[in-house]
Amino acid sequence: MDAAVDDRTLRLVRLFDGAPERLFDAWTDQDQFAAWFGPAGVTTVYCELDVKVGGAWRLLGRNTERTFAVSGKYLEVKRPERLSFTFGWHDKGDHAQPRDPETVVSLDFKLAADGKTRMTMVQSRFPDQTARDNHNRGWTSSFDKLDALLARKA
């Protein structure tokens with residue numbers, strides 16, 4: 001898996017079992033997204049996705065130490081090959097609180113060998129390298145959960 005592109009951009013490439021449509025749906029179906037989003041130990045309290053250009057999304061997650069609130073807007077929705085959205089954390093794990101500066105997440109899904117899909121994720125506009133590295137760890141753990149979800153639903 002790739003990692004850093006520069007201090008403010010993260011690029012991750014990973015192979016998943018299944019067709020691009022299957023992986024795209026795991027990102028755009030509320031129940032599936034809620035099941036895997038967030039690193040190990042984080043469970044979803046609620047998830048709302050309005051998957052269309054300009055549509056909003058938000059998710060509230062929790063682990064044993066704190067609550068996490070994140071939200072954004074969809075910038076591009078092209079099933080099954082591309083999805084792009086903004087991503088911003090809310091202060092104090094509360095959607096009513098102000099958001100941190102947002103990043104942009106862009107995903108490309110391409111059919112690879114053996115019925116697998118190569119997903120390339122680029123997240124850009126991080127304020128600094130620490131934020132980028134924290135997201136690298138979070139996404140890597142989340143993608144392990146996504147891999148397990150896809151295996152269960154195969």
# chains A, B, ... in the order shown; residues from 1 in each chain; ligands from 1

$ residues_around --residues "range 140-142 of chain A" --least-positions-apart "3" --cutoff "8 Å" --atoms "only C-alpha atoms" --output "PyMOL selection string"
chain A and resi 36-40+136-137+145-146

$ select_by_dssp --residues "range 30-95 of chain A" --states "strand (DSSP E)" --output "short mmCIF file (atom, residue, chain, number, x, y, z; two decimals) with C-alpha atoms, in the first residue's frame"
data_model
loop_
_atom_site.label_atom_id
_atom_site.label_comp_id
_atom_site.auth_asym_id
_atom_site.auth_seq_id
_atom_site.Cartn_x
_atom_site.Cartn_y
_atom_site.Cartn_z
CA THR A 43 -18.48 1.59 16.34
CA THR A 44 -21.02 3.72 14.51
CA VAL A 45 -23.76 5.44 16.50
CA TYR A 46 -25.47 6.81 13.37
CA CYS A 47 -24.69 7.32 9.70
CA GLU A 48 -26.53 9.40 7.11
CA LEU A 49 -25.53 9.43 3.43
CA ALA A 56 -24.30 15.68 2.51
CA TRP A 57 -23.00 12.83 4.61
CA ARG A 58 -22.30 12.53 8.31
CA LEU A 59 -21.34 9.86 10.76
CA LEU A 60 -21.01 9.66 14.52
CA GLY A 61 -18.66 7.01 15.86
CA ARG A 62 -17.57 6.02 19.34
CA THR A 67 -17.02 10.18 20.39
CA PHE A 68 -16.09 11.20 16.83
CA ALA A 69 -18.25 13.33 14.52
CA VAL A 70 -17.34 13.72 10.86
CA SER A 71 -19.22 15.10 7.86
CA GLY A 72 -18.89 16.41 4.34
CA LYS A 73 -20.45 16.84 0.92
CA TYR A 74 -20.23 14.71 -2.19
CA LEU A 75 -18.28 16.31 -5.03
CA GLU A 76 -18.38 13.50 -7.62
CA VAL A 77 -20.47 10.33 -7.81
CA LYS A 78 -19.76 8.14 -10.82
CA ARG A 82 -15.20 7.24 -8.93
CA LEU A 83 -16.36 8.86 -5.71
CA SER A 84 -15.16 12.14 -4.21
CA PHE A 85 -16.27 14.01 -1.09
CA THR A 86 -15.17 16.54 1.49
CA PHE A 87 -14.24 15.31 4.96
CA GLY A 88 -14.16 17.34 8.18
CA TRP A 89 -14.09 16.48 11.89
#

$ closest_residue --among "A:Arg152, A:Arg22, A:His135, A:Lys110" --to "Thr9 in chain A" --atoms "only C-alpha atoms"
A:His135

$ residues_around --residues "range 127-130 of chain A" --least-positions-apart "2" --cutoff "7 Å" --atoms "only C-alpha atoms" --output "list in words"
Asp7, Arg8, Arg125, Arg132, Asp133 and Asn134 of chain A

$ closest_residue --among "A:His90, A:Arg118, A:His95, A:Arg66" --to "Val13 in chain A" --atoms "only C-alpha atoms"
A:Arg118

$ decode --residues "range 85-138 of chain A" --atoms "C-alpha atoms" --output "PDB file, in the first residue's frame"
ATOM      1  CA  PHE A  85     -16.268  14.013  -1.089  1.00  0.00           C
ATOM      2  CA  THR A  86     -15.169  16.538   1.495  1.00  0.00           C
ATOM      3  CA  PHE A  87     -14.241  15.307   4.963  1.00  0.00           C
ATOM      4  CA  GLY A  88     -14.164  17.337   8.178  1.00  0.00           C
ATOM      5  CA  TRP A  89     -14.089  16.484  11.886  1.00  0.00           C
ATOM      6  CA  HIS A  90     -16.385  18.331  14.300  1.00  0.00           C
ATOM      7  CA  ASP A  91     -15.124  19.681  17.619  1.00  0.00           C
ATOM      8  CA  LYS A  92     -15.986  17.670  20.714  1.00  0.00           C
ATOM      9  CA  GLY A  93     -17.471  14.807  18.661  1.00  0.00           C
ATOM     10  CA  ASP A  94     -20.653  16.822  18.117  1.00  0.00           C
ATOM     11  CA  HIS A  95     -22.138  17.652  14.706  1.00  0.00           C
ATOM     12  CA  ALA A  96     -23.536  20.893  16.183  1.00  0.00           C
ATOM     13  CA  GLN A  97     -19.973  22.113  16.844  1.00  0.00           C
ATOM     14  CA  PRO A  98     -17.690  23.806  14.278  1.00  0.00           C
ATOM     15  CA  ARG A  99     -15.733  21.676  11.813  1.00  0.00           C
ATOM     16  CA  ASP A 100     -11.988  21.434  11.454  1.00  0.00           C
ATOM     17  CA  PRO A 101     -10.626  22.504   8.067  1.00  0.00           C
ATOM     18  CA  GLU A 102     -11.844  19.977   5.550  1.00  0.00           C
ATOM     19  CA  THR A 103      -9.886  17.652   3.352  1.00  0.00           C
ATOM     20  CA  VAL A 104     -10.968  16.115   0.055  1.00  0.00           C
ATOM     21  CA  VAL A 105     -11.162  12.331  -0.400  1.00  0.00           C
ATOM     22  CA  SER A 106     -11.119  10.964  -3.961  1.00  0.00           C
ATOM     23  CA  LEU A 107     -11.576   7.264  -4.703  1.00  0.00           C
ATOM     24  CA  ASP A 108     -11.013   5.373  -7.933  1.00  0.00           C
ATOM     25  CA  PHE A 109     -12.175   1.767  -8.344  1.00  0.00           C
ATOM     26  CA  LYS A 110     -10.619  -0.335 -11.125  1.00  0.00           C
ATOM     27  CA  LEU A 111     -11.111  -4.013 -11.909  1.00  0.00           C
ATOM     28  CA  ALA A 112      -7.855  -5.911 -11.369  1.00  0.00           C
ATOM     29  CA  ALA A 113      -6.859  -9.548 -11.803  1.00  0.00           C
ATOM     30  CA  ASP A 114      -8.822 -12.437 -10.288  1.00  0.00           C
ATOM     31  CA  GLY A 115     -12.024 -10.440  -9.838  1.00  0.00           C
ATOM     32  CA  LYS A 116     -10.424  -8.053  -7.363  1.00  0.00           C
ATOM     33  CA  THR A 117     -10.789  -4.288  -7.354  1.00  0.00           C
ATOM     34  CA  ARG A 118      -7.880  -1.892  -7.002  1.00  0.00           C
ATOM     35  CA  MET A 119      -9.014   1.058  -4.947  1.00  0.00           C
ATOM     36  CA  THR A 120      -6.885   4.187  -5.034  1.00  0.00           C
ATOM     37  CA  MET A 121      -7.688   6.765  -2.381  1.00  0.00           C
ATOM     38  CA  VAL A 122      -6.175  10.236  -2.328  1.00  0.00           C
ATOM     39  CA  GLN A 123      -6.949  12.523   0.597  1.00  0.00           C
ATOM     40  CA  SER A 124      -5.618  16.050   0.192  1.00  0.00           C
ATOM     41  CA  ARG A 125      -5.420  19.437   1.872  1.00  0.00           C
ATOM     42  CA  PHE A 126      -4.239  18.242   5.289  1.00  0.00           C
ATOM     43  CA  PRO A 127      -3.032  21.089   7.495  1.00  0.00           C
ATOM     44  CA  ASP A 128       0.217  19.251   8.279  1.00  0.00           C
ATOM     45  CA  GLN A 129       2.116  15.957   8.216  1.00  0.00           C
ATOM     46  CA  THR A 130       0.809  14.845  11.637  1.00  0.00           C
ATOM     47  CA  ALA A 131      -2.808  15.049  10.463  1.00  0.00           C
ATOM     48  CA  ARG A 132      -1.893  13.149   7.295  1.00  0.00           C
ATOM     49  CA  ASP A 133      -0.120  10.413   9.277  1.00  0.00           C
ATOM     50  CA  ASN A 134      -3.031  10.080  11.728  1.00  0.00           C
ATOM     51  CA  HIS A 135      -5.417   9.573   8.811  1.00  0.00           C
ATOM     52  CA  ASN A 136      -3.065   7.033   7.262  1.00  0.00           C
ATOM     53  CA  ARG A 137      -3.316   4.905  10.424  1.00  0.00           C
ATOM     54  CA  GLY A 138      -7.084   5.398  10.675  1.00  0.00           C
TER      55      GLY A 138
END
